[in-house]
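What follows is the content of structure26.cif, which has mmCIF, C-alpha atoms:
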data_entry
loop_
_atom_site.label_atom_id
_atom_site.label_comp_id
_atom_site.auth_asym_id
_atom_site.auth_seq_id
_atom_site.Cartn_x
_atom_site.Cartn_y
_atom_site.Cartn_z
CA MET A 1 0.00 0.00 0.00
CA LYS A 2 2.71 2.50 0.95
CA GLN A 3 4.45 1.88 -2.39
CA ILE A 4 1.25 2.96 -4.20
CA PHE A 5 0.03 5.81 -1.96
CA SER A 6 2.37 8.34 -0.35
CA PHE A 7 1.19 8.16 3.24
CA ASP A 8 3.38 9.48 6.03
CA GLU A 9 5.16 6.65 7.85
CA LYS A 10 4.00 7.91 11.26
CA LEU A 11 0.42 7.99 9.98
CA LEU A 12 0.70 4.38 8.82
CA ALA A 13 2.00 3.39 12.25
CA ALA A 14 -0.93 5.16 13.91
CA ALA A 15 -3.33 3.44 11.50
CA LYS A 16 -1.91 0.02 12.37
CA ALA A 17 -2.44 0.67 16.07
CA ALA A 18 -5.94 2.01 15.42
CA GLU A 19 -6.92 -1.05 13.42
CA GLN A 20 -5.68 -3.34 16.15
CA ALA A 21 -7.63 -1.42 18.79
CA ALA A 22 -10.80 -1.75 16.71
CA GLN A 23 -10.65 -5.56 16.44
CA PRO A 24 -13.30 -6.25 19.12
CA GLN A 25 -15.72 -4.00 17.24
CA PHE A 26 -14.87 -5.73 13.97
CA GLN A 27 -15.76 -9.12 15.48
CA GLU A 28 -19.15 -7.92 16.67
CA ILE A 29 -19.86 -6.26 13.31
CA GLU A 30 -19.07 -9.45 11.43
CA ALA A 31 -21.29 -11.54 13.71
CA ILE A 32 -24.25 -9.21 13.09
CA ALA A 33 -23.57 -9.34 9.35
CA GLN A 34 -23.71 -13.14 9.37
CA HIS A 35 -27.05 -13.06 11.18
CA ALA A 36 -28.46 -10.50 8.73
CA ALA A 37 -27.18 -12.45 5.73
CA ALA A 38 -28.99 -15.54 7.00
CA LYS A 39 -32.27 -13.58 7.26
CA VAL A 40 -31.90 -12.27 3.72
CA LEU A 41 -30.97 -15.63 2.19
CA HIS A 42 -33.86 -17.36 3.96
CA ALA A 43 -36.30 -14.74 2.64
CA PHE A 44 -35.04 -15.19 -0.93
CA GLN A 45 -35.49 -18.93 -0.66
CA THR A 46 -38.89 -18.75 1.05
CA HIS A 47 -40.38 -16.58 -1.70
CA LYS A 48 -38.75 -18.51 -4.54
CA VAL A 49 -36.82 -15.65 -6.11
CA SER A 50 -35.99 -16.63 -9.69
CA ALA A 51 -34.55 -15.08 -12.84
CA ALA A 52 -38.10 -14.17 -13.85
CA CYS A 53 -38.14 -11.68 -10.95
CA PHE A 54 -35.38 -9.68 -12.61
CA ALA A 55 -37.28 -9.02 -15.85
CA GLY A 56 -38.27 -5.40 -16.34
CA ALA A 57 -42.00 -4.82 -16.60
CA ASN A 58 -43.34 -1.70 -18.30
CA GLY A 59 -46.59 0.21 -18.75
CA TYR A 60 -48.99 0.08 -15.83
CA GLY A 61 -47.08 -2.73 -14.17
CA TYR A 62 -50.05 -4.98 -13.46
CA ASP A 63 -48.92 -8.38 -12.14
CA ASP A 64 -45.25 -7.33 -12.04
CA VAL A 65 -43.85 -10.50 -10.47
CA GLY A 66 -40.45 -9.00 -9.68
CA ARG A 67 -41.94 -6.00 -7.88
CA ASP A 68 -44.50 -8.03 -5.94
CA THR A 69 -42.03 -10.73 -4.90
CA LEU A 70 -39.53 -8.11 -3.75
CA ASP A 71 -42.19 -6.66 -1.43
CA LYS A 72 -42.69 -10.11 0.08
CA VAL A 73 -38.95 -10.70 0.49
CA TRP A 74 -38.56 -7.32 2.16
CA ALA A 75 -41.44 -7.99 4.53
CA SER A 76 -39.88 -11.32 5.52
CA VAL A 77 -36.46 -9.81 6.17
CA PHE A 78 -37.90 -7.07 8.38
CA HIS A 79 -40.59 -9.27 9.95
CA THR A 80 -43.52 -7.14 8.81
CA GLU A 81 -46.93 -7.83 7.29
CA ASP A 82 -46.20 -5.98 4.06
CA ALA A 83 -43.71 -3.71 2.32
CA LEU A 84 -43.63 -1.14 -0.45
CA VAL A 85 -40.22 -1.20 -2.18
CA ARG A 86 -40.06 1.07 -5.22
CA HIS A 87 -37.56 2.83 -7.40
CA HIS A 88 -40.19 5.60 -7.66
CA PHE A 89 -39.04 6.98 -4.28
CA VAL A 90 -36.47 9.62 -5.16
CA SER A 91 -34.95 9.77 -1.66
CA GLY A 92 -35.41 8.73 1.93
CA THR A 93 -37.15 12.05 2.60
CA HIS A 94 -39.61 11.30 -0.22
CA ALA A 95 -40.42 7.90 1.31
CA LEU A 96 -40.88 9.49 4.75
CA SER A 97 -43.07 12.24 3.30
CA THR A 98 -45.18 9.64 1.50
CA ALA A 99 -45.66 7.71 4.75
CA LEU A 100 -46.63 10.83 6.72
CA PHE A 101 -49.10 12.08 4.12
CA GLY A 102 -50.38 8.54 3.66
CA VAL A 103 -51.24 7.99 7.32
CA LEU A 104 -52.12 11.45 8.65
CA ARG A 105 -55.40 13.31 8.07
CA THR A 106 -56.68 16.81 8.78
CA GLY A 107 -57.01 17.32 12.52
CA ASP A 108 -54.43 14.65 13.36
CA CYS A 109 -51.31 15.32 15.40
CA MET A 110 -47.76 14.15 14.74
CA VAL A 111 -45.36 13.99 17.68
CA SER A 112 -41.62 13.53 17.31
CA VAL A 113 -40.18 11.94 20.44
CA THR A 114 -36.56 12.25 19.30
CA GLY A 115 -36.39 16.02 19.23
CA GLY A 116 -36.38 18.04 16.04
CA PRO A 117 -36.61 16.16 12.73
CA TYR A 118 -33.92 15.95 10.09
CA ASP A 119 -33.45 19.21 8.17
CA THR A 120 -35.11 18.03 4.95
CA LEU A 121 -38.34 17.13 6.78
CA GLU A 122 -38.86 20.58 8.28
CA GLU A 123 -40.63 21.93 5.20
CA VAL A 124 -42.59 18.68 4.78
CA ILE A 125 -43.98 19.08 8.30
CA GLY A 126 -44.38 22.85 8.03
CA ILE A 127 -41.81 23.96 10.58
CA ARG A 128 -40.24 26.02 7.79
CA GLY A 129 -42.00 27.49 4.79
CA LYS A 130 -45.64 28.37 4.36
CA GLY A 131 -48.28 27.60 1.76
CA ASN A 132 -46.23 24.95 -0.02
CA GLY A 133 -48.51 21.99 0.72
CA SER A 134 -46.90 20.89 3.98
CA LEU A 135 -48.66 18.83 6.65
CA ALA A 136 -49.39 22.08 8.49
CA ASP A 137 -51.11 23.47 5.39
CA TYR A 138 -53.47 20.49 5.54
CA GLY A 139 -54.38 21.10 9.16
CA ILE A 140 -52.07 18.51 10.71
CA SER A 141 -50.45 19.70 13.93
CA TYR A 142 -46.94 18.95 15.09
CA ARG A 143 -45.17 18.95 18.42
CA GLN A 144 -42.01 17.35 19.73
CA CYS A 145 -40.54 15.91 22.87
CA ASP A 146 -37.02 17.27 23.07
CA LEU A 147 -34.08 15.11 24.00
CA THR A 148 -32.35 15.32 27.36
CA ALA A 149 -29.20 17.38 27.85
CA GLU A 150 -27.25 14.17 27.16
CA GLY A 151 -28.95 13.78 23.77
CA THR A 152 -31.01 10.74 24.75
CA PRO A 153 -34.80 10.28 24.61
CA ASP A 154 -36.61 11.87 27.55
CA TYR A 155 -38.37 8.74 28.77
CA GLU A 156 -40.05 10.56 31.66
CA ARG A 157 -41.76 13.07 29.36
CA ILE A 158 -42.62 10.74 26.46
CA PRO A 159 -45.86 9.31 27.99
CA GLU A 160 -47.34 12.79 28.34
CA ALA A 161 -46.02 13.91 24.96
CA VAL A 162 -47.69 11.09 22.99
CA LYS A 163 -51.20 11.67 24.37
CA GLY A 164 -53.62 12.25 21.52
CA ALA A 165 -51.04 11.70 18.79
CA LYS A 166 -51.98 9.87 15.60
CA VAL A 167 -48.32 9.37 14.62
CA VAL A 168 -45.46 9.00 17.08
CA TYR A 169 -42.32 9.61 15.07
CA LEU A 170 -38.77 8.45 15.81
CA GLN A 171 -35.61 9.27 13.92
CA ARG A 172 -33.19 6.43 14.47
CA SER A 173 -30.08 8.10 13.10
CA ARG A 174 -28.42 11.14 14.64
CA GLY A 175 -28.87 13.41 11.60
CA TYR A 176 -26.69 16.51 11.77
CA SER A 177 -26.43 16.41 15.55
CA LEU A 178 -24.14 14.90 18.15
CA ARG A 179 -26.87 12.92 19.88
CA PRO A 180 -26.47 9.14 19.86
CA ALA A 181 -28.27 7.11 17.23
CA LEU A 182 -31.05 5.02 18.75
CA SER A 183 -30.39 1.36 19.41
CA VAL A 184 -33.21 -1.10 18.78
CA ALA A 185 -33.47 -1.63 22.54
CA GLU A 186 -34.04 2.10 23.06
CA ILE A 187 -36.68 2.12 20.32
CA GLY A 188 -38.37 -0.80 22.06
CA LYS A 189 -38.49 1.17 25.31
CA ILE A 190 -40.15 4.12 23.51
CA VAL A 191 -42.66 1.73 21.91
CA THR A 192 -43.59 0.32 25.33
CA LEU A 193 -44.05 3.77 26.86
CA THR A 194 -46.16 4.89 23.91
CA ARG A 195 -48.41 1.82 23.92
CA GLU A 196 -49.12 2.22 27.64
CA GLU A 197 -50.40 5.77 27.13
CA ASN A 198 -51.65 5.74 23.53
CA PRO A 199 -52.21 2.18 22.27
CA ASN A 200 -53.70 3.31 18.96
CA ALA A 201 -50.82 5.55 17.92
CA VAL A 202 -48.98 4.70 14.71
CA ILE A 203 -45.31 4.38 15.67
CA MET A 204 -43.24 5.37 12.65
CA VAL A 205 -39.45 5.04 12.51
CA ASP A 206 -37.10 6.78 10.12
CA ASN A 207 -34.78 3.80 9.70
CA CYS A 208 -32.28 5.49 7.37
CA TYR A 209 -28.68 4.42 8.04
CA GLY A 210 -29.88 1.85 10.59
CA GLU A 211 -30.67 -1.30 8.62
CA PHE A 212 -28.56 -4.36 9.51
CA VAL A 213 -26.46 -2.67 12.21
CA ASP A 214 -28.11 -4.73 14.95
CA TYR A 215 -29.54 -8.22 15.29
CA GLN A 216 -33.07 -6.78 15.31
CA GLU A 217 -34.92 -4.03 13.48
CA PRO A 218 -37.45 -1.55 14.95
CA THR A 219 -40.34 -3.67 13.68
CA ASP A 220 -39.08 -6.55 15.83
CA VAL A 221 -39.80 -4.45 18.93
CA GLY A 222 -43.23 -3.15 17.95
CA ALA A 223 -42.80 -0.26 15.51
CA ASP A 224 -45.71 -0.05 13.05
CA LEU A 225 -43.78 1.36 10.11
CA ILE A 226 -40.13 1.68 9.14
CA ILE A 227 -38.97 3.78 6.23
CA GLY A 228 -35.64 4.10 4.46
CA SER A 229 -33.63 4.73 1.31
CA LEU A 230 -32.17 2.17 -1.09
CA ILE A 231 -29.06 4.26 -1.75
CA LYS A 232 -28.21 3.81 1.91
CA ASN A 233 -27.82 0.50 3.78
CA PRO A 234 -30.40 -1.86 2.24
CA GLY A 235 -29.46 -1.10 -1.37
CA GLY A 236 -26.01 -2.56 -0.79
CA GLY A 237 -24.30 0.01 -3.02
CA ILE A 238 -26.00 -1.60 -6.04
CA ALA A 239 -29.56 -0.25 -6.12
CA GLU A 240 -29.51 2.83 -8.34
CA THR A 241 -32.35 4.67 -6.58
CA GLY A 242 -35.46 4.03 -4.53
CA GLY A 243 -36.80 3.61 -1.04
CA TYR A 244 -39.05 1.42 1.07
CA ILE A 245 -41.88 1.50 3.58
CA ALA A 246 -42.51 -1.67 5.60
CA GLY A 247 -44.88 -2.54 8.43
CA ARG A 248 -48.56 -3.12 9.10
CA ALA A 249 -50.42 -4.07 5.94
CA ASP A 250 -53.20 -1.49 6.34
CA LEU A 251 -50.69 1.31 6.82
CA VAL A 252 -48.54 0.20 3.89
CA GLU A 253 -51.68 0.25 1.74
CA GLN A 254 -52.42 3.84 2.78
CA CYS A 255 -48.84 4.81 1.89
CA ALA A 256 -49.17 3.09 -1.50
CA TYR A 257 -52.33 5.09 -2.17
CA ARG A 258 -50.32 8.23 -1.55
CA LEU A 259 -47.45 7.13 -3.78
CA THR A 260 -49.70 6.26 -6.73
CA CYS A 261 -53.41 6.96 -6.31
CA VAL A 262 -56.33 5.87 -4.15
CA GLY A 263 -57.79 2.57 -5.30
CA MET A 264 -54.69 1.45 -7.20
CA GLY A 265 -51.87 1.64 -4.69
CA LYS A 266 -49.41 -1.24 -5.01
CA GLU A 267 -51.13 -2.75 -8.05
CA VAL A 268 -49.54 -0.25 -10.44
CA GLY A 269 -46.06 1.14 -10.98
CA CYS A 270 -43.89 -0.89 -13.31
CA SER A 271 -40.43 -1.92 -12.19
CA LEU A 272 -38.79 -1.15 -15.56
CA ASN A 273 -35.28 -2.64 -15.30
CA GLN A 274 -34.65 -1.88 -11.63
CA CYS A 275 -35.57 -5.18 -9.97
CA ARG A 276 -32.29 -7.00 -10.42
CA SER A 277 -30.27 -4.22 -8.80
CA MET A 278 -32.69 -3.97 -5.89
CA TYR A 279 -32.61 -7.74 -5.28
CA LEU A 280 -28.85 -7.94 -5.60
CA GLY A 281 -28.39 -4.85 -3.44
CA LEU A 282 -30.50 -6.33 -0.66
CA PHE A 283 -28.60 -9.61 -0.90
CA MET A 284 -25.25 -7.81 -0.60
CA ALA A 285 -26.42 -5.33 2.04
CA PRO A 286 -25.41 -7.20 5.23
CA ASP A 287 -21.77 -7.45 4.17
CA VAL A 288 -21.70 -3.95 2.66
CA VAL A 289 -23.11 -2.50 5.89
CA ALA A 290 -20.44 -4.41 7.79
CA SER A 291 -17.74 -2.85 5.59
CA ALA A 292 -19.18 0.60 6.20
CA ARG A 293 -19.29 0.05 9.94
CA LYS A 294 -15.71 -1.25 10.00
CA THR A 295 -14.59 1.80 8.03
CA GLY A 296 -16.26 4.04 10.62
CA ALA A 297 -14.81 2.10 13.55
CA PHE A 298 -11.33 2.41 12.05
CA ALA A 299 -11.77 6.14 11.45
CA ALA A 300 -12.93 6.74 15.02
CA SER A 301 -10.06 4.71 16.45
CA LEU A 302 -7.50 6.60 14.34
CA PHE A 303 -8.85 10.10 14.95
CA ARG A 304 -9.16 9.52 18.69
CA GLN A 305 -5.43 8.81 18.65
CA LEU A 306 -4.99 12.11 16.84
CA GLY A 307 -6.82 13.96 19.61
CA PHE A 308 -10.32 14.43 18.24
CA GLU A 309 -13.68 13.61 19.80
CA CYS A 310 -15.47 10.87 17.84
CA LEU A 311 -18.94 9.39 18.15
CA PRO A 312 -20.33 6.90 18.96
CA GLU A 313 -18.28 6.34 22.07
CA PRO A 314 -16.48 3.00 22.44
CA GLY A 315 -18.76 0.33 23.85
CA ARG A 316 -22.04 1.97 22.87
CA THR A 317 -24.47 -0.19 20.89
CA ALA A 318 -24.56 1.10 17.33
CA GLY A 319 -27.76 2.60 15.98
CA ASP A 320 -26.54 3.54 12.51
CA ILE A 321 -23.50 3.48 10.22
CA ILE A 322 -22.51 7.10 10.87
CA THR A 323 -19.30 8.10 12.61
CA VAL A 324 -19.03 11.71 13.77
CA LEU A 325 -15.65 13.40 13.93
CA ALA A 326 -15.67 16.74 15.75
CA LEU A 327 -12.89 18.51 13.83
CA ARG A 328 -13.32 21.89 15.57
CA SER A 329 -12.79 24.22 12.60
CA PRO A 330 -14.09 24.86 9.06
CA GLU A 331 -10.55 24.46 7.75
CA ALA A 332 -10.32 20.96 9.23
CA MET A 333 -13.73 20.07 7.74
CA GLU A 334 -12.62 21.26 4.32
CA ALA A 335 -9.33 19.35 4.51
CA PHE A 336 -10.98 16.15 5.70
CA CYS A 337 -13.66 16.25 3.01
CA ALA A 338 -11.03 17.07 0.37
CA GLY A 339 -9.15 13.96 1.50
CA ILE A 340 -12.21 11.72 1.39
CA GLN A 341 -12.94 12.98 -2.13
CA ALA A 342 -9.33 12.42 -3.18
CA GLY A 343 -9.49 8.91 -1.75
CA SER A 344 -12.61 8.00 -3.72
CA PRO A 345 -12.83 5.92 -6.93
CA VAL A 346 -15.02 8.45 -8.75
CA ASP A 347 -14.29 12.20 -9.17
CA SER A 348 -11.17 11.90 -7.03
CA TYR A 349 -9.70 14.91 -8.85
CA VAL A 350 -12.34 17.43 -7.71
CA THR A 351 -12.39 19.49 -4.52
CA PRO A 352 -15.66 19.71 -2.56
CA GLU A 353 -16.92 23.14 -1.51
CA ALA A 354 -19.68 24.15 0.88
CA TRP A 355 -22.92 25.21 -0.85
CA ASP A 356 -26.57 25.99 -0.21
CA MET A 357 -27.92 22.48 -0.53
CA PRO A 358 -31.72 22.23 -1.08
CA GLY A 359 -33.61 21.48 2.13
CA TYR A 360 -30.82 22.55 4.50
CA GLU A 361 -30.63 25.73 6.59
CA SER A 362 -26.82 26.03 6.66
CA LYS A 363 -24.24 25.62 3.93
CA VAL A 364 -23.21 21.97 3.60
CA ILE A 365 -19.91 20.52 2.47
CA MET A 366 -20.09 17.04 0.99
CA ALA A 367 -17.43 14.64 -0.25
CA ALA A 368 -18.88 11.75 -2.21
CA GLY A 369 -16.94 10.15 -5.02
CA THR A 370 -19.63 7.54 -5.56
CA PHE A 371 -20.80 5.27 -8.36
CA THR A 372 -24.39 6.28 -7.54
CA GLY A 373 -25.05 9.97 -6.99
CA GLY A 374 -25.64 10.74 -3.31
CA ALA A 375 -25.28 7.11 -2.23
CA SER A 376 -24.20 7.41 1.39
CA ILE A 377 -23.62 3.69 1.77
CA GLU A 378 -20.60 4.42 -0.37
CA LEU A 379 -17.76 6.27 1.34
CA SER A 380 -18.78 9.86 1.92
CA ALA A 381 -18.38 12.64 4.43
CA ASP A 382 -20.49 15.71 4.89
CA GLY A 383 -21.65 18.24 7.41
CA PRO A 384 -23.13 21.69 7.90
CA MET A 385 -20.66 24.54 8.18
CA ARG A 386 -21.62 25.50 11.70
CA GLU A 387 -20.57 24.70 15.24
CA PRO A 388 -19.24 22.21 16.30
CA PHE A 389 -17.72 21.82 12.80
CA ALA A 390 -18.26 18.08 12.75
CA VAL A 391 -18.12 15.81 9.74
CA TYR A 392 -20.43 12.85 9.42
CA LEU A 393 -18.61 9.92 7.87
CA GLN A 394 -20.61 7.06 6.41
CA GLY A 395 -20.26 4.26 3.96
CA GLY A 396 -17.48 2.24 2.45
CA ILE A 397 -18.75 -0.60 0.29
CA THR A 398 -15.48 -2.41 0.93
CA TYR A 399 -13.43 -2.00 4.07
CA SER A 400 -10.14 -1.96 2.14
CA SER A 401 -11.17 1.04 0.04
CA GLY A 402 -12.87 2.74 2.99
CA LYS A 403 -9.69 2.50 5.04
CA LEU A 404 -7.68 4.06 2.20
CA GLY A 405 -10.16 6.92 1.98
CA VAL A 406 -9.87 7.65 5.70
CA LEU A 407 -6.07 7.56 5.49
CA THR A 408 -6.15 9.99 2.56
CA ALA A 409 -8.30 12.36 4.63
CA ALA A 410 -5.87 12.19 7.54
CA GLN A 411 -2.92 12.71 5.20
CA LYS A 412 -4.58 15.81 3.73
CA MET A 413 -5.07 17.26 7.22
CA LEU A 414 -1.45 16.43 8.08
CA GLU A 415 -0.19 18.24 4.97
CA ARG A 416 -2.17 21.35 5.92
CA GLY A 417 -0.79 21.37 9.46
CA LEU A 418 -4.15 20.54 11.05
CA ILE A 419 -2.95 17.42 12.89
CA GLN A 420 0.33 16.52 14.53
CA LEU A 421 1.96 13.09 14.72
#
Rendering of file as structure tokens:
Amino acid sequence: MKQIFSFDEKLLAAAKAAEQAAQPQFQEIEAIAQHAAAKVLHAFQTHKVSAACFAGANGYGYDDVGRDTLDKVWASVFHTEDALVRHHFVSGTHALSTALFGVLRTGDCMVSVTGGPYDTLEEVIGIRGKGNGSLADYGISYRQCDLTAEGTPDYERIPEAVKGAKVVYLQRSRGYSLRPALSVAEIGKIVTLTREENPNAVIMVDNCYGEFVDYQEPTDVGADLIIGSLIKNPGGGIAETGGYIAGRADLVEQCAYRLTCVGMGKEVGCSLNQCRSMYLGLFMAPDVVASARKTGAFAASLFRQLGFECLPEPGRTAGDIITVLALRSPEAMEAFCAGIQAGSPVDSYVTPEAWDMPGYESKVIMAAGTFTGGASIELSADGPMREPFAVYLQGGITYSSGKLGVLTAAQKMLERGLIQL
């Protein structure tokens, strides 16, 4: 490796020590990946996935065997009654918006019990913007139960907060914050508290970045709906676009009515030539997620040695694939992201710059030399240019390439005098 890339010898020595220190995490990650791979393989076999499922239907998509079988496979993997897996979802936010508009009605109330929602959902809910067709414009109210000072769910206040809510909403991942991602056990505790006070509430989980990082999924502990993106974990770096909604059959049907139209729902929407990549992506996802998590664990181990705060803390149960590196300055963010971009297989020659990204309040810098545009299961790093000047590292479809990307980022910071060895 050192004969091919010009890494500083002291940096390579630090990387070797960091990798050794991360070995216990690697073992746990690999064990979870084996469990997830068994679930996926069993679902493929149970629903008799065949070459016919990969054929691209067109037109209305009636009786699209590949699309319909994929829904069944997905439901089996996530232990749900039904699923809606479509390339028609343009992003995770689109899938979440579809679920919210599908389930909520005028006069209903949505309560977020994990503090404020992710930036791109603020206009969907109506926290920002006015008259654009948000939930608020349709007479749907919103309130939230803020997190504790430690960034964890406020379990004491949740029972009161969920009273009267139609949808109780949880964001599993940390988003652009330093709060811990939710473990499945923590989600299960919120589910229990909600059911005791409001048994009819629809418990909806934004599962983005969280699939296959634990032995269970939120639906295993009582969540009614989980929603995510196929260019994150469950697409395995192969799905070209899309998203999913999985959970109770009646709720999935309502979401399908929102995606297409009332009365047709899941019966229409041809798969074109997307099925094979979605099947293959799901099949590869457990190992790809493991590579991403190992990349993050290595990065955290290395940058802690270099004197930076990194999250999640050692020993904490993972809730997502994201590793946060608090780099303390915009210059360090720019150098790190420049290094991740330079260490990528695609567009390695360009330099990322902060810009006004649609849906975000602050300028965002993003490094993503990916085969699929915006695919954050591939190695990427991004963050808003605001305090605490933290970058959010995710992805790495192979650990070997992910490790090289992290080393390139560290080397770039070293060359600019932003770290000392």
Give me the residues within 8 Å of Ile419 (chain A) as a PyMOL selection string, counting all atoms listed in the file and dropping any in the same chain fewer than 5 places off. chain A and resi 306+413-414
Could you write out as a PyMOL selection string the residues that the PyMOL selection byres ((chain A and resi 187) around 12) matches in the shown file? chain A and resi 113-114+152-153+155+168-173+181-186+188-194+203-207+210+216-224+226+319
Keeping C-alpha atoms, export the residues of the selection given above as a PDB file, keeping the file's coordinate frame.
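Contents of result_18.pdb, as written:
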ATOM      1  CA  VAL A 113     -40.180  11.940  20.440  1.00  0.00           C
ATOM      2  CA  THR A 114     -36.560  12.250  19.300  1.00  0.00           C
ATOM      3  CA  THR A 152     -31.010  10.740  24.750  1.00  0.00           C
ATOM      4  CA  PRO A 153     -34.800  10.280  24.610  1.00  0.00           C
ATOM      5  CA  TYR A 155     -38.370   8.740  28.770  1.00  0.00           C
ATOM      6  CA  VAL A 168     -45.460   9.000  17.080  1.00  0.00           C
ATOM      7  CA  TYR A 169     -42.320   9.610  15.070  1.00  0.00           C
ATOM      8  CA  LEU A 170     -38.770   8.450  15.810  1.00  0.00           C
ATOM      9  CA  GLN A 171     -35.610   9.270  13.920  1.00  0.00           C
ATOM     10  CA  ARG A 172     -33.190   6.430  14.470  1.00  0.00           C
ATOM     11  CA  SER A 173     -30.080   8.100  13.100  1.00  0.00           C
ATOM     12  CA  ALA A 181     -28.270   7.110  17.230  1.00  0.00           C
ATOM     13  CA  LEU A 182     -31.050   5.020  18.750  1.00  0.00           C
ATOM     14  CA  SER A 183     -30.390   1.360  19.410  1.00  0.00           C
ATOM     15  CA  VAL A 184     -33.210  -1.100  18.780  1.00  0.00           C
ATOM     16  CA  ALA A 185     -33.470  -1.630  22.540  1.00  0.00           C
ATOM     17  CA  GLU A 186     -34.040   2.100  23.060  1.00  0.00           C
ATOM     18  CA  GLY A 188     -38.370  -0.800  22.060  1.00  0.00           C
ATOM     19  CA  LYS A 189     -38.490   1.170  25.310  1.00  0.00           C
ATOM     20  CA  ILE A 190     -40.150   4.120  23.510  1.00  0.00           C
ATOM     21  CA  VAL A 191     -42.660   1.730  21.910  1.00  0.00           C
ATOM     22  CA  THR A 192     -43.590   0.320  25.330  1.00  0.00           C
ATOM     23  CA  LEU A 193     -44.050   3.770  26.860  1.00  0.00           C
ATOM     24  CA  THR A 194     -46.160   4.890  23.910  1.00  0.00           C
ATOM     25  CA  ILE A 203     -45.310   4.380  15.670  1.00  0.00           C
ATOM     26  CA  MET A 204     -43.240   5.370  12.650  1.00  0.00           C
ATOM     27  CA  VAL A 205     -39.450   5.040  12.510  1.00  0.00           C
ATOM     28  CA  ASP A 206     -37.100   6.780  10.120  1.00  0.00           C
ATOM     29  CA  ASN A 207     -34.780   3.800   9.700  1.00  0.00           C
ATOM     30  CA  GLY A 210     -29.880   1.850  10.590  1.00  0.00           C
ATOM     31  CA  GLN A 216     -33.070  -6.780  15.310  1.00  0.00           C
ATOM     32  CA  GLU A 217     -34.920  -4.030  13.480  1.00  0.00           C
ATOM     33  CA  PRO A 218     -37.450  -1.550  14.950  1.00  0.00           C
ATOM     34  CA  THR A 219     -40.340  -3.670  13.680  1.00  0.00           C
ATOM     35  CA  ASP A 220     -39.080  -6.550  15.830  1.00  0.00           C
ATOM     36  CA  VAL A 221     -39.800  -4.450  18.930  1.00  0.00           C
ATOM     37  CA  GLY A 222     -43.230  -3.150  17.950  1.00  0.00           C
ATOM     38  CA  ALA A 223     -42.800  -0.260  15.510  1.00  0.00           C
ATOM     39  CA  ASP A 224     -45.710  -0.050  13.050  1.00  0.00           C
ATOM     40  CA  ILE A 226     -40.130   1.680   9.140  1.00  0.00           C
ATOM     41  CA  GLY A 319     -27.760   2.600  15.980  1.00  0.00           C
TER      42      GLY A 319
END
For the file shown, report as a PyMOL selection string the outcome of the PyMOL selection byres ((chain A and resi 377) around 12) at residue level. chain A and resi 208-211+229-240+281+284-293+295-296+320-322+368-376+378-381+393-399+402
With the PyMOL selection byres ((chain A and resi 348-362) around 9) as the selection, what would be picked from this file? Answer as a count of residues only, please. 27
Mind checking which residues fall within 8 Å of Ile29 (chain A), counting all atoms listed in the file, ignoring those fewer than 2 positions away in the same chain, and posting them as a PyMOL selection string? chain A and resi 25-27+31-33+213+290+293-294
A:Phe54, A:Tyr257, A:Phe5, A:Tyr118 ranked by distance to Ser271 (chain A), top pick (using all atoms listed in the file):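 Of A:Phe54, A:Tyr257, A:Phe5, A:Tyr118, the one nearest Ser271 (chain A) is A:Phe54, counting all atoms listed in the file.
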Which residues, protein or nucleic acid, reach to within 10 Å of (2.1, 9.3, 3.6) in the file's coordinates when using all atoms listed in the file, and can you give that as a PyMOL selection string? chain A and resi 2-3+5-12+407-408+410-412+414-415
Using all atoms listed in the file, determine which residues lie at most 8 Å from region 78-92 of chain A, disregarding the query and same-chain residues fewer than 4 positions distant; provide the list as a PyMOL selection string. chain A and resi 67+70-72+74+96+208+217+219-220+227-230+241-249+252+256+266+271+274
Near-Val103 (chain A) list (9 Å; all atoms listed in the file; drop same-chain fewer than 4 positions) as a ChimeraX atom specification: /A:98-99,166-167,202,251-252,254-255,258
Separating CA of His35 (chain A) from CA of Tyr215 (chain A), to the nearest tenth of an Å, is a gap of 6.8 Å
